[in-house]
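Report on the following structure.
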Amino acid sequence: MHFRGGGRGGKMAAPMEVAVCTDSTAQLWTCVVWELHSGANLLTYRGGQAGPRGLALLNGEYLLVAQLGKNYISVWELQRKDQLQQKIMCPGPVTCVTTAPNGLYVLAGIGENIYLWEVSTGNLLVILSRHYQDVSCLKFTGDSSHFVSGSKDCLVLAWSLWSVLQVDPSRIPAPRHVWSHHTLPVTDVHCGFGGPLARVATASLDQTVKLWEISSGELLLSVLFDVGIMAVTMDLAEHHMFCGGSDGSVFQVDLCTRPPQPVQRERSFQPEQDPGKVFRGHRNQVTCLSVSTDGSVLLSGSHDETVRLWDVQSKQCIRTVTLKGPVTNAAIMLAPISMLSSDFRPSLPLPHFNKHLLGAEHGDEPRCGALTLRLGLHQQGSEPSYLGRLEHLQAVMSSTLEKSSQDQLRVRVSELEDEVRNLRKINRDLFDFSTHIITRPAK
C-alpha cells in the first residue's frame, strides 16, 4: 500500500482510491482512471478495445488490457499512457486476464485453456486444459497461493499455484477443487481475504451465487435470485455480498446473521421482502462490481453505458459517469505511487512474453538426451550369403511398407484432428444456442 506525503509536519495523507473503467467501443480511450470521490479524470490510455474481465494491474507499474476478440494483451507503463509498452501475443483470442498480487505471474484465459507466464523471464510456464468451454473469469487469492477459474462449461476450478508449478513434467496439473454445482455458464468470480483460507464467491446465469471455502472445498452458501447474475463482489470485511443482475439491479446479500437466526446454506433472495437490499438505476445488465476499501461505496458498470457510484448504506446513487459503449470493466483500487508521480518509471522493464511453452517453440527439435550407437558389421568386406541377402531384402520391404503405413497414418490423424475441431465448434455453437434459449426472458 502506498501513501502520499502531504500536510505540515510530514503527516501522511490518506491513500487515494481511484476507479478504473473500460468500455467495448473505445471511441475516446481504451481505459480511463478517475478519482473516486471527486470524479476528476486522472489518466486515459489509448489503443484498442478492452474485453470483459480483461483489465489488470501488474506490480503497481503496468496496466494490462486483454483486447476484445483479439489474440493479444496490451501493456502500458502507468505514466506512459499514450505509448504501448508491448503486446503480449497469444495463440488465440483472450477471454480474460489477471495478475498475481505479488507481481510474479500473469494468467490469461485463451479459449478453454489457461496460460501462466512468469513475469521476470516472460516464459510461458504451463498451459492448463481442464475446462471444456471458454474460460470466462480468473482471480488470484490475495497471497497469490491459489487462483480460481470460471468457465462457460459451468465449472469453477480452484488451483494451488505450487501444484501447478510442480517440477515433475510427467504429471498433468490437477485443480485442488472442482466445483460443479452451477448448471449454466459461470459469469464472475471473487476471491475474499485470507489466502488459502479465503472464501470464493461465484456467479452464474443459472440465477445463483455460491460461496465456497478454498481450504476445504465446501459449499458454504447458495443464494437463488429471479434473474441471471452477471457480476459478484464482497466488501473487505465480508459482511455483504453484492450481486449484479441481468435486469440492471444490484442485490445486497448479508453474510453475517444475528445469533437467534439459524444459518441457512440455501436461500432465496426476495426483493419484495428486502426492498432495502436492492440498488436500482441501471437500465441494462450489470457487468462489473467493486467495493471501496472501507465498504461504504459500491461501483457498478453496466451495458447501459454508465458507471454508477452508490452509497452502500442508503442505496442512493451519488455519481453517474456515462461512457460511449457497454462497460466491460470497472474496479476500485488504491492508486499506486506510479500513478500519482509523473516522473515515475518501472523498476524493471518487462521481458518479451513467449507464445509457446519453454522448449516447445516451432522448429525446436526435441531434446531427449538419448545416445545412438552405430555398430559395425563383424564381416565388413566379405561377400554376404544368400540368406543375408534375403534378410536384407525383407528388411527393405518391411521398411517401405512401414513408411507407407506411417504416411497413411499421418493423413488419417490430420483428418481426425479436423473432424475433432469441427465437432468442438458444433458443440460450442449448440451450447451457446441452448444457453441463449434457457436464459431468454419470458414474454
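Lettering and numbering for the C-alpha cells are positional, with chains as A, B, ... in the shown order, residues counted from 1 in each chain, and ligands counted from 1 in the shown order.
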
List the neighbours of range 35-46 of chain A out to 12 Å using only C-alpha atoms; skip same-chain residues closer than 6 positions along the sequence, and give me the result as a ChimeraX atom specification.
/A:15-23,25-29,62-65,67,74-85,290-293,296-299,307-311,318-322,330-335,338-342

Expected file: the selected residues, C-alpha atoms, as a compact mmCIF listing (two decimals), in the first residue's frame:
# COMPACT_ATOMS: atom_id res chain seq x y z
CA PRO A 15 -4.36 6.79 0.23
CA MET A 16 -6.25 7.87 -2.86
CA GLU A 17 -8.83 5.49 -4.26
CA VAL A 18 -9.44 5.58 -7.99
CA ALA A 19 -11.92 3.97 -10.38
CA VAL A 20 -10.50 2.27 -13.48
CA CYS A 21 -13.04 1.71 -16.27
CA THR A 22 -13.23 0.44 -19.86
CA ASP A 23 -15.99 0.11 -22.45
CA THR A 25 -16.19 0.77 -28.14
CA ALA A 26 -13.08 2.71 -27.05
CA GLN A 27 -14.15 5.78 -29.06
CA LEU A 28 -12.37 8.23 -26.75
CA TRP A 29 -9.88 5.93 -24.96
CA TYR A 62 1.95 -1.68 -15.64
CA LEU A 63 -1.62 -1.76 -16.90
CA LEU A 64 -2.71 -4.88 -18.80
CA VAL A 65 -5.77 -4.96 -21.07
CA GLN A 67 -8.19 -6.83 -26.34
CA SER A 74 -1.87 -4.62 -24.44
CA VAL A 75 0.59 -3.38 -21.82
CA TRP A 76 1.17 0.25 -20.74
CA GLU A 77 3.52 1.78 -18.23
CA LEU A 78 1.18 3.63 -15.89
CA GLN A 79 2.71 7.02 -16.70
CA ARG A 80 3.36 6.45 -20.43
CA LYS A 81 -0.33 6.30 -21.20
CA ASP A 82 -0.11 7.23 -24.89
CA GLN A 83 2.59 4.72 -25.75
CA LEU A 84 2.10 0.95 -25.64
CA GLN A 85 4.98 -0.74 -23.87
CA SER A 290 -16.31 -3.28 -6.93
CA VAL A 291 -16.37 -2.00 -3.32
CA SER A 292 -14.24 0.72 -1.71
CA THR A 293 -11.73 -0.22 0.98
CA SER A 296 -19.04 2.50 2.20
CA VAL A 297 -19.11 2.92 -1.61
CA LEU A 298 -20.09 0.48 -4.37
CA LEU A 299 -19.04 0.90 -8.02
CA VAL A 307 -20.75 3.55 -14.39
CA ARG A 308 -22.52 4.35 -11.14
CA LEU A 309 -21.21 5.09 -7.66
CA TRP A 310 -23.53 4.10 -4.81
CA ASP A 311 -23.71 4.84 -1.10
CA ILE A 318 -24.12 9.51 -5.74
CA ARG A 319 -22.45 9.77 -9.17
CA THR A 320 -23.13 8.58 -12.73
CA VAL A 321 -20.41 8.56 -15.39
CA THR A 322 -21.59 8.00 -18.96
CA ALA A 330 -14.94 -1.16 -13.64
CA ALA A 331 -12.85 -1.52 -10.49
CA ILE A 332 -11.92 0.48 -7.40
CA MET A 333 -8.27 0.31 -6.39
CA LEU A 334 -5.77 2.19 -4.26
CA ALA A 335 -3.72 4.36 -6.60
CA SER A 338 3.48 5.26 -10.03
CA MET A 339 0.02 6.53 -10.97
CA LEU A 340 0.43 9.75 -8.98
CA SER A 341 4.02 10.65 -9.92
CA SER A 342 4.55 11.86 -13.48

Considering only C-alpha atoms, return as a ChimeraX atom specification whatever protein or nucleic-acid residues lie within 8 Å of range 124-140 of chain A, sequence-local ones (same chain, fewer than 6 positions apart) excluded.
/A:53,95-101,107-118,146-153,155,164-165,173-174,186-191,353-358,428

Would you mind exporting N, CA and C atoms of the selected residues as a short mmCIF file (atom, residue, chain, number, x, y, z; two decimals), in the first residue's frame?
data_model
loop_
_atom_site.label_atom_id
_atom_site.label_comp_id
_atom_site.auth_asym_id
_atom_site.auth_seq_id
_atom_site.Cartn_x
_atom_site.Cartn_y
_atom_site.Cartn_z
N ARG A 53 -13.67 -8.74 -18.13
CA ARG A 53 -12.71 -9.41 -17.25
C ARG A 53 -11.31 -9.33 -17.83
N THR A 95 -9.88 -14.29 -23.48
CA THR A 95 -11.21 -14.12 -22.90
C THR A 95 -11.18 -13.45 -21.53
N CYS A 96 -10.04 -13.51 -20.82
CA CYS A 96 -9.91 -12.85 -19.52
C CYS A 96 -8.44 -12.84 -19.13
N VAL A 97 -8.08 -11.95 -18.21
CA VAL A 97 -6.69 -11.84 -17.77
C VAL A 97 -6.66 -11.38 -16.32
N THR A 98 -5.65 -11.83 -15.58
CA THR A 98 -5.44 -11.36 -14.22
C THR A 98 -3.96 -11.49 -13.90
N THR A 99 -3.53 -10.86 -12.80
CA THR A 99 -2.13 -10.92 -12.38
C THR A 99 -2.07 -11.33 -10.91
N ALA A 100 -0.96 -11.95 -10.52
CA ALA A 100 -0.76 -12.32 -9.12
C ALA A 100 -0.47 -11.06 -8.31
N PRO A 101 -1.07 -10.92 -7.12
CA PRO A 101 -0.82 -9.73 -6.30
C PRO A 101 0.66 -9.52 -5.98
N LEU A 107 -1.85 -14.48 -15.65
CA LEU A 107 -2.76 -15.55 -16.06
C LEU A 107 -3.69 -15.03 -17.14
N ALA A 108 -3.96 -15.85 -18.15
CA ALA A 108 -4.90 -15.46 -19.20
C ALA A 108 -5.73 -16.66 -19.61
N GLY A 109 -7.00 -16.42 -19.87
CA GLY A 109 -7.86 -17.43 -20.46
C GLY A 109 -7.85 -17.26 -21.97
N ILE A 110 -7.51 -18.32 -22.68
CA ILE A 110 -7.47 -18.32 -24.14
C ILE A 110 -8.27 -19.52 -24.61
N GLY A 111 -9.50 -19.27 -25.08
CA GLY A 111 -10.38 -20.39 -25.37
C GLY A 111 -10.70 -21.14 -24.09
N GLU A 112 -10.59 -22.46 -24.12
CA GLU A 112 -10.85 -23.26 -22.92
C GLU A 112 -9.58 -23.52 -22.10
N ASN A 113 -8.47 -22.89 -22.47
CA ASN A 113 -7.19 -23.12 -21.79
C ASN A 113 -6.80 -21.92 -20.93
N ILE A 114 -5.96 -22.22 -19.91
CA ILE A 114 -5.42 -21.19 -19.03
C ILE A 114 -3.91 -21.14 -19.23
N TYR A 115 -3.38 -19.96 -19.54
CA TYR A 115 -1.95 -19.77 -19.78
C TYR A 115 -1.34 -19.04 -18.59
N LEU A 116 -0.19 -19.53 -18.11
CA LEU A 116 0.50 -18.94 -16.96
C LEU A 116 1.91 -18.52 -17.37
N TRP A 117 2.21 -17.21 -17.28
CA TRP A 117 3.54 -16.68 -17.60
C TRP A 117 4.26 -16.25 -16.32
N GLU A 118 5.58 -16.36 -16.37
CA GLU A 118 6.43 -15.81 -15.32
C GLU A 118 6.87 -14.42 -15.76
N HIS A 146 -3.17 -19.30 -4.50
CA HIS A 146 -4.19 -20.02 -5.26
C HIS A 146 -4.80 -19.11 -6.31
N PHE A 147 -5.40 -19.70 -7.32
CA PHE A 147 -6.22 -18.93 -8.25
C PHE A 147 -7.44 -19.77 -8.61
N VAL A 148 -8.48 -19.06 -9.06
CA VAL A 148 -9.77 -19.69 -9.35
C VAL A 148 -10.17 -19.34 -10.77
N SER A 149 -10.68 -20.33 -11.50
CA SER A 149 -11.13 -20.11 -12.88
C SER A 149 -12.59 -20.50 -13.02
N GLY A 150 -13.34 -19.68 -13.74
CA GLY A 150 -14.74 -19.98 -14.06
C GLY A 150 -14.90 -20.03 -15.57
N SER A 151 -15.86 -20.84 -16.04
CA SER A 151 -15.96 -21.09 -17.47
C SER A 151 -17.40 -21.21 -17.92
N LYS A 152 -17.58 -21.14 -19.24
CA LYS A 152 -18.90 -21.37 -19.83
C LYS A 152 -19.35 -22.81 -19.68
N ASP A 153 -18.44 -23.71 -19.30
CA ASP A 153 -18.83 -25.12 -19.12
C ASP A 153 -19.49 -25.36 -17.77
N LEU A 155 -18.29 -24.99 -14.84
CA LEU A 155 -17.37 -25.42 -13.80
C LEU A 155 -16.59 -24.25 -13.21
N VAL A 164 0.54 -26.36 -9.54
CA VAL A 164 0.64 -26.09 -10.97
C VAL A 164 2.10 -25.96 -11.41
N LEU A 165 2.93 -25.41 -10.53
CA LEU A 165 4.33 -25.18 -10.86
C LEU A 165 5.24 -26.35 -10.45
N PRO A 173 -1.00 -31.17 -14.21
CA PRO A 173 -1.54 -30.45 -13.05
C PRO A 173 -3.05 -30.62 -12.94
N ALA A 174 -3.51 -30.88 -11.72
CA ALA A 174 -4.94 -31.04 -11.45
C ALA A 174 -5.39 -29.97 -10.48
N VAL A 186 -20.65 -19.87 -15.90
CA VAL A 186 -20.17 -19.04 -14.80
C VAL A 186 -19.78 -17.67 -15.37
N THR A 187 -20.25 -16.60 -14.76
CA THR A 187 -20.04 -15.26 -15.29
C THR A 187 -19.00 -14.44 -14.54
N ASP A 188 -18.80 -14.75 -13.23
CA ASP A 188 -17.84 -13.95 -12.46
C ASP A 188 -17.38 -14.74 -11.25
N VAL A 189 -16.19 -14.37 -10.76
CA VAL A 189 -15.58 -15.00 -9.58
C VAL A 189 -14.97 -13.89 -8.73
N HIS A 190 -15.11 -14.01 -7.41
CA HIS A 190 -14.46 -13.07 -6.49
C HIS A 190 -13.81 -13.84 -5.37
N CYS A 191 -12.51 -13.56 -5.11
CA CYS A 191 -11.78 -14.18 -4.01
C CYS A 191 -11.71 -13.20 -2.84
N PHE A 353 7.19 -11.71 -23.75
CA PHE A 353 6.42 -12.86 -23.28
C PHE A 353 6.34 -13.92 -24.39
N ASN A 354 6.74 -15.14 -24.05
CA ASN A 354 6.77 -16.21 -25.04
C ASN A 354 5.36 -16.70 -25.36
N LYS A 355 5.16 -17.02 -26.61
CA LYS A 355 3.86 -17.51 -27.07
C LYS A 355 3.72 -19.01 -26.89
N HIS A 356 4.84 -19.70 -26.78
CA HIS A 356 4.84 -21.16 -26.68
C HIS A 356 5.54 -21.59 -25.40
N LEU A 357 5.24 -22.80 -24.97
CA LEU A 357 5.88 -23.35 -23.79
C LEU A 357 7.40 -23.40 -23.98
N LEU A 358 8.12 -23.26 -22.89
CA LEU A 358 9.57 -23.26 -22.94
C LEU A 358 10.08 -24.55 -23.58
N ARG A 428 -19.78 -26.21 -29.25
CA ARG A 428 -19.80 -24.88 -28.66
C ARG A 428 -21.00 -24.07 -29.16
#

Looking only at strand (DSSP E or B) from DSSP on the backbone, list the matching residues of range 183-303 of chain A as a PyMOL selection string.
chain A and resi 186-191+199-204+208-213+219-224+229-234+240-245+250-254+266-268+278-279+286-291+297-302

For a quick check of understanding, using only C-alpha atoms, which of A:Cys243, A:Val396, A:Leu348, A:Leu184 has the smallest distance to Gly60 in chain A?
A:Leu348

Counting only C-alpha atoms, what is within 9 Å of range 274-277 of chain A, bar same-chain residues fewer than 5 positions away, as a VMD selection string?
chain A and resid 250 to 254 269 314 to 315

Written selection (all heavy atoms) as a CSV table (one decimal), in the first residue's frame:
chain,number,residue,atom,x,y,z
A,250,VAL,N,-28.8,-4.4,-8.6
A,250,VAL,CA,-27.7,-4.9,-7.8
A,250,VAL,C,-28.3,-5.3,-6.4
A,250,VAL,O,-29.0,-4.5,-5.8
A,250,VAL,CB,-26.6,-3.9,-7.6
A,250,VAL,CG1,-25.5,-4.4,-6.7
A,250,VAL,CG2,-26.1,-3.4,-8.9
A,251,PHE,N,-28.1,-6.6,-6.0
A,251,PHE,CA,-28.6,-7.1,-4.8
A,251,PHE,C,-27.6,-7.2,-3.7
A,251,PHE,O,-26.4,-7.7,-4.0
A,251,PHE,CB,-29.2,-8.5,-5.1
A,251,PHE,CG,-30.2,-8.5,-6.3
A,251,PHE,CD1,-29.7,-9.1,-7.5
A,251,PHE,CD2,-31.5,-8.0,-6.2
A,251,PHE,CE1,-30.6,-9.1,-8.6
A,251,PHE,CE2,-32.3,-8.1,-7.3
A,251,PHE,CZ,-31.8,-8.6,-8.5
A,252,GLN,N,-27.9,-6.9,-2.5
A,252,GLN,CA,-27.0,-7.0,-1.4
A,252,GLN,C,-27.5,-8.2,-0.5
A,252,GLN,O,-28.6,-8.2,0.0
A,252,GLN,CB,-27.1,-5.7,-0.5
A,252,GLN,CG,-26.2,-5.8,0.7
A,252,GLN,CD,-26.3,-4.5,1.5
A,252,GLN,OE1,-26.2,-3.4,1.0
A,252,GLN,NE2,-26.5,-4.6,2.9
A,253,VAL,N,-26.5,-9.1,-0.3
A,253,VAL,CA,-26.8,-10.3,0.5
A,253,VAL,C,-26.0,-10.2,1.8
A,253,VAL,O,-24.7,-10.0,1.7
A,253,VAL,CB,-26.4,-11.6,-0.3
A,253,VAL,CG1,-26.6,-12.8,0.7
A,253,VAL,CG2,-27.2,-11.7,-1.5
A,254,ASP,N,-26.6,-10.2,2.9
A,254,ASP,CA,-25.9,-10.1,4.2
A,254,ASP,C,-25.4,-11.4,4.6
A,254,ASP,O,-26.1,-12.4,4.7
A,254,ASP,CB,-26.8,-9.6,5.3
A,254,ASP,CG,-27.3,-8.1,5.0
A,254,ASP,OD1,-26.6,-7.4,4.3
A,254,ASP,OD2,-28.4,-7.8,5.4
A,269,PHE,N,-33.4,-15.0,-2.6
A,269,PHE,CA,-33.5,-13.6,-2.4
A,269,PHE,C,-34.8,-13.1,-2.8
A,269,PHE,O,-35.2,-13.3,-4.0
A,269,PHE,CB,-32.3,-12.9,-3.1
A,269,PHE,CG,-32.2,-11.4,-2.8
A,269,PHE,CD1,-31.3,-11.0,-1.8
A,269,PHE,CD2,-32.9,-10.5,-3.5
A,269,PHE,CE1,-31.2,-9.7,-1.5
A,269,PHE,CE2,-32.8,-9.1,-3.2
A,269,PHE,CZ,-31.9,-8.7,-2.2
A,314,SER,N,-27.4,3.9,2.2
A,314,SER,CA,-28.6,4.4,1.8
A,314,SER,C,-29.1,3.9,0.5
A,314,SER,O,-30.3,4.1,0.1
A,314,SER,CB,-28.5,6.0,1.6
A,314,SER,OG,-27.7,6.3,0.5
A,315,LYS,N,-28.3,3.2,-0.3
A,315,LYS,CA,-28.6,2.6,-1.6
A,315,LYS,C,-28.8,3.7,-2.7
A,315,LYS,O,-29.4,3.5,-3.7
A,315,LYS,CB,-29.8,1.7,-1.6
A,315,LYS,CG,-29.7,0.6,-0.5
A,315,LYS,CD,-28.6,-0.4,-0.9
A,315,LYS,CE,-28.5,-1.5,0.1
A,315,LYS,NZ,-28.1,-1.1,1.5
